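Below: the structure, in structure tokens.
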Amino acid sequence: MAVGPRVLEVAGLPGPGRRARLREWWEQEHIFGYGLILPAVVLLITLVAFPFGMAIYFSLSDYWVGSPGAFVGMTNYRDILANETFRQTLQNSFVFTGIALTLKIVLGVWLAMLLSRSLPFKRIIRGIVLLPFVIPTALSTLAWLWMFDSLYSVVNWTAIRAHLINAPGPNWLGQAEYAMAAVIAVNVWRGLPFFAITVLAGLMAVPKEFHEAAEVDGASSWRRFWHVTLPLIKPVLGVVILFSTIFTFGDFNIVQVLTRGGPINTTHLFATLAYQVGLQGGNLGQGAAISLFIFPLLAMVVFFQLRYVRKE
Amino acid sequence: MATARSRGARIRSNIFAYANLAPYIFFVLFPFYFMIVTSFKSNAELYNLKSIPFWIQSGAIIDHYALLFQKTDFVTWMKNSLLVAVVATTVSLVISILAGYSLARLRFRGAAAFGTAIFVTYLIPTTLLFLPLSQVVVWLGLADSIYALMVVYPTFLVPFCTWLLMGYFRTIPREVEECALVDGATRIQTLSRIVLPMAIPGVVCAVLFSFTLCWNEFTYALTFISQSANKTAVVGVTSDLIRGDIYFWGSLMAGALLASIPIVIVYVLFLDYYVSGLTAGAVKG
């Protein structure tokens with residue numbers, strides 16, 4: 001509050017004293033503090049907050065690529081909610097997120113427990129485990145696209161030779177349930193390392209005596225896990241689950257490369273549908289309305305996360 | 001404690017662990033292995049249903065790689081990716097160091113609220129904002145150019161790096177700074193000459209993650225750019241080697257491999273930083 005007049009003083013004061021005064025002003029903790037966050041604040045306002053406002057505006061208007069349209073209120077929302085494809089997408093999103101997340105939690109905790117032992121080659125194994133998370137997802141998904149090819153699928157080839165299925169085997173990306181299974185499998189493949197490595201870090205932060213007590217190698221191991229290990233890693237696990245929920249729900253890369261939402265929209269998520277409607281179809285208004293359906297979940301995650309952070 | 005019995009139990013439990021890890025490691029590595037095999041296999045063998053897909057029987061060829069360099073803009077894509085990653089990382093890092101230091105160390109009204117805002121932005125998936133941003137990019141006159149990506153990538157890099165660096169700045173003892181200030185250093189000197197050198201591990205971590213996130217980014221790169229010569233490696237490989245119904249599988253895999261190599265090299269060299277950054281990002285949240 002006392003800064004106001006001082007600023008004016010500095011600005012109005014000519015001569016040699018000016019630099020010193022300016023410096024003195026800049027050296028104040030709060031002025032310096034504000035100065036340093038200014039670039040970040042400008043960036044986030046212009047390229048995050050403003051576009052977010054635009055998304056809301058788009059969703060309430062008849063906005064097409066190249067032709068700004070009039071305000072139409074809730075029309076876009078009414079239209080998409082009445083749309084069969086959108087309803088399918090809504091369902092897909094929950095099925096996809098629910099199953100993928102469950103698998104990642106269970107397998108991730110399991111993997112973290114295995115990795116927490118002081119095994120020989122521990123470092124190499126951890127390095128390998130993290131690999132799918134580091135490699136560009138769109139590119140590694142190409143490998144899966146090839147592995148799920150309708151004709152040359154190596155998955156089917158192997159399963160047929162092993163007499164697990166009859167030739168020619170499922171058309172992975174061409175049949176609804178199989179396509180969803182494929183998309184989930186790739187999401188788990190790519191997201192599991194994050195769970196495993198983060199939960200592992202949580203496990204390592206736990207005092208060693210607890211570890212010894214919680215080691216899994218007998219009949220009572222399940223109870224030990226449930227009563228000793230799990231409560232200890234719960235905080236970390238909670239954070240990871242919240243993170244993963246929002247990023248699984250908002251996924252784009254895997255579905256876009258693997259199925260583009262097909263067959264017949266059975267694997268569309270909000271992001272891929274918004275891309276198809278908003279950019280490929282040019283209907284930015286509806287596209288924005290679709291992508292904004294990610295927001296309520298994001299808000300929920302933020303709410304839980306902040307409550308949790310505050311508690312810490 | 002280390003009796004013979006417990007040693008035996010330890011070995012048994014190690015075998016148990018390896019036996020359980022083995023299928024997962026296979027699951028992780030197989031797609032990469034299959035990429036390599038496919039990229040060196042002749043089309044005749046690739047599209048022969050009778051051949052064994054797991055290895056190369058009729059001799060390795062480099063034609064798929066040659067096609068990448070001769071018939072596509074692959075080299076340009078790689079250059080674009082590199083340019084975008086370097087510029088966006090540099091810009092984001094400068095902004096994040098300033099903001100991270102300020103929020104971690106300086107006391108001023110609203111600091112906590114800004115910290116929260118940064119964190120919330122960090123949680124926003126790119127898919128929520130790509131439609132309006134595609135318009136912003138047009139208004140800025142950056143449509144269909146790699147500059148669009150350089151401008152937009154900091155929106156997700158800055159929150160991440162700021163959050164990461166805040167954690168590192170907090171670990172530096174306050175007394176060090178106070179001494180420097182008492183000795184007559186300005187605040188900016190204190191930051192650049194005293195605090196920053198002590199936070200180098202954090203900065204390295206932030207650079208690694210930023211570079212990786214830029215290189216791997218797909219949504220914005222796909223939506224903002226349509227000209228082949230302006231694409232990044234990830235988008236170029238995924239889009240230009242599929243013509244309608246025709247998939248150039250050999251070249252697709254070759255491109256995916258080559259475009260992943262820079263990341264793999266960085267990853268292998270700095271594995272421990274990745275692990276600490278990954279866990280810091282989530283755990284310190």
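Ligands are numbered from 1 in the order shown, residues from 1 within each chain, and chains are lettered A, B, ... in the order they appear in the structure tokens.
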Kindly determine which residues of chain B lie within 6 Å of chain A, considering only C-alpha atoms, and give the answer as JSON, numbers by chain.
-> {"B": [17, 31, 35, 95, 98, 99, 102, 106, 108, 127, 128, 132, 216, 256, 279]}
Residues near B:Arg170, cut-off 10 Å, only C-alpha atoms, skip fewer than 4 positions along chain, as JSON, numbers by chain | {"B": [100, 101, 103, 104, 105, 165, 166, 174, 199]}
Give the helix (DSSP H, G or I) residues of stretch 65-227 of chain A, as DSSP finds them on the backbone, and put them as a count of residues only.
-> 115
Out of stretch 29-269 of chain B, which residues get strand (DSSP E) from DSSP, as a list in words?
-> Ile242, Arg243, Ile246 and Tyr247 of chain B
Who sits within 10 Å of B:Ala259, only C-alpha atoms, same chain under 3 positions skipped, as an MDAnalysis selection string | (chainID A and resid 135:136 139) or (chainID B and resid 74:75 77:78 81 215:216 232:234 236:237 253:256 262:264)
Write the residues of the preceding selection, restricted to C-alpha atoms, as a PDB file, in the first residue's frame.
```
ATOM      1  CA  ILE A 135       8.922 -42.449 -25.655  1.00  0.00           C
ATOM      2  CA  PRO A 136       6.533 -40.239 -27.669  1.00  0.00           C
ATOM      3  CA  LEU A 139       4.937 -43.064 -32.030  1.00  0.00           C
TER       4      LEU A 139
ATOM      5  CA  PHE B  74      11.758 -36.514 -42.244  1.00  0.00           C
ATOM      6  CA  VAL B  75      14.937 -34.488 -41.775  1.00  0.00           C
ATOM      7  CA  TRP B  77      10.525 -32.726 -39.184  1.00  0.00           C
ATOM      8  CA  MET B  78      13.402 -33.620 -36.914  1.00  0.00           C
ATOM      9  CA  SER B  81      11.062 -30.736 -33.423  1.00  0.00           C
ATOM     10  CA  TRP B 215       9.368 -33.456 -28.415  1.00  0.00           C
ATOM     11  CA  ASN B 216       6.494 -35.813 -27.589  1.00  0.00           C
ATOM     12  CA  THR B 232       7.217 -31.939 -36.015  1.00  0.00           C
ATOM     13  CA  ALA B 233       8.724 -35.421 -36.092  1.00  0.00           C
ATOM     14  CA  VAL B 234       5.949 -37.041 -34.078  1.00  0.00           C
ATOM     15  CA  GLY B 236       5.069 -36.068 -39.522  1.00  0.00           C
ATOM     16  CA  VAL B 237       5.708 -39.739 -38.943  1.00  0.00           C
ATOM     17  CA  MET B 253       8.282 -48.120 -37.759  1.00  0.00           C
ATOM     18  CA  ALA B 254      11.606 -46.776 -39.010  1.00  0.00           C
ATOM     19  CA  GLY B 255      10.384 -43.213 -38.543  1.00  0.00           C
ATOM     20  CA  ALA B 256       8.921 -43.940 -35.114  1.00  0.00           C
ATOM     21  CA  PRO B 262      16.873 -38.356 -29.267  1.00  0.00           C
ATOM     22  CA  ILE B 263      14.563 -38.942 -26.324  1.00  0.00           C
ATOM     23  CA  VAL B 264      16.017 -42.360 -25.604  1.00  0.00           C
TER      24      VAL B 264
END
```
Selection: 8 Å around A:Ile165, only C-alpha atoms, excl. self and same-chain fewer than 5 positions, as a PyMOL selection string = chain A and resi 156+159-160
What does the file look like for those residues with C-alpha atoms, as a tab-separated table (two decimals), in the first residue's frame?
```
chain	number	residue	atom	x	y	z
A	156	ASN	CA	-3.51	-62.92	-33.52
A	159	ALA	CA	-2.67	-66.67	-30.41
A	160	ILE	CA	-3.62	-68.76	-33.46
```
Considering only C-alpha atoms, return as a list in words whatever protein or nucleic-acid residues lie within 9 Å of A:Ser150, sequence-local ones (same chain, fewer than 6 positions apart) excluded.
->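 Answer for this query is Pro170, Asn171, Trp172, Leu173 and Gly174 of chain A.
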For the selection just defined, write its residues with C-alpha atoms to a file, as an mmCIF file, in the first residue's frame.
```cif
data_model
loop_
_atom_site.group_PDB
_atom_site.id
_atom_site.type_symbol
_atom_site.label_atom_id
_atom_site.label_comp_id
_atom_site.auth_asym_id
_atom_site.auth_seq_id
_atom_site.Cartn_x
_atom_site.Cartn_y
_atom_site.Cartn_z
ATOM 1 C CA PRO A 170 -10.552 -60.796 -33.902
ATOM 2 C CA ASN A 171 -10.232 -57.668 -35.980
ATOM 3 C CA TRP A 172 -8.899 -55.703 -33.025
ATOM 4 C CA LEU A 173 -9.485 -52.208 -34.240
ATOM 5 C CA GLY A 174 -12.537 -53.014 -36.335
#
```
Which of these, B:Asn80, B:Leu93, B:Val207, B:Gly202, has the shortest distance to B:Thr171 once you count only C-alpha atoms?
->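 So, comparing all the options, the nearest one is B:Gly202.
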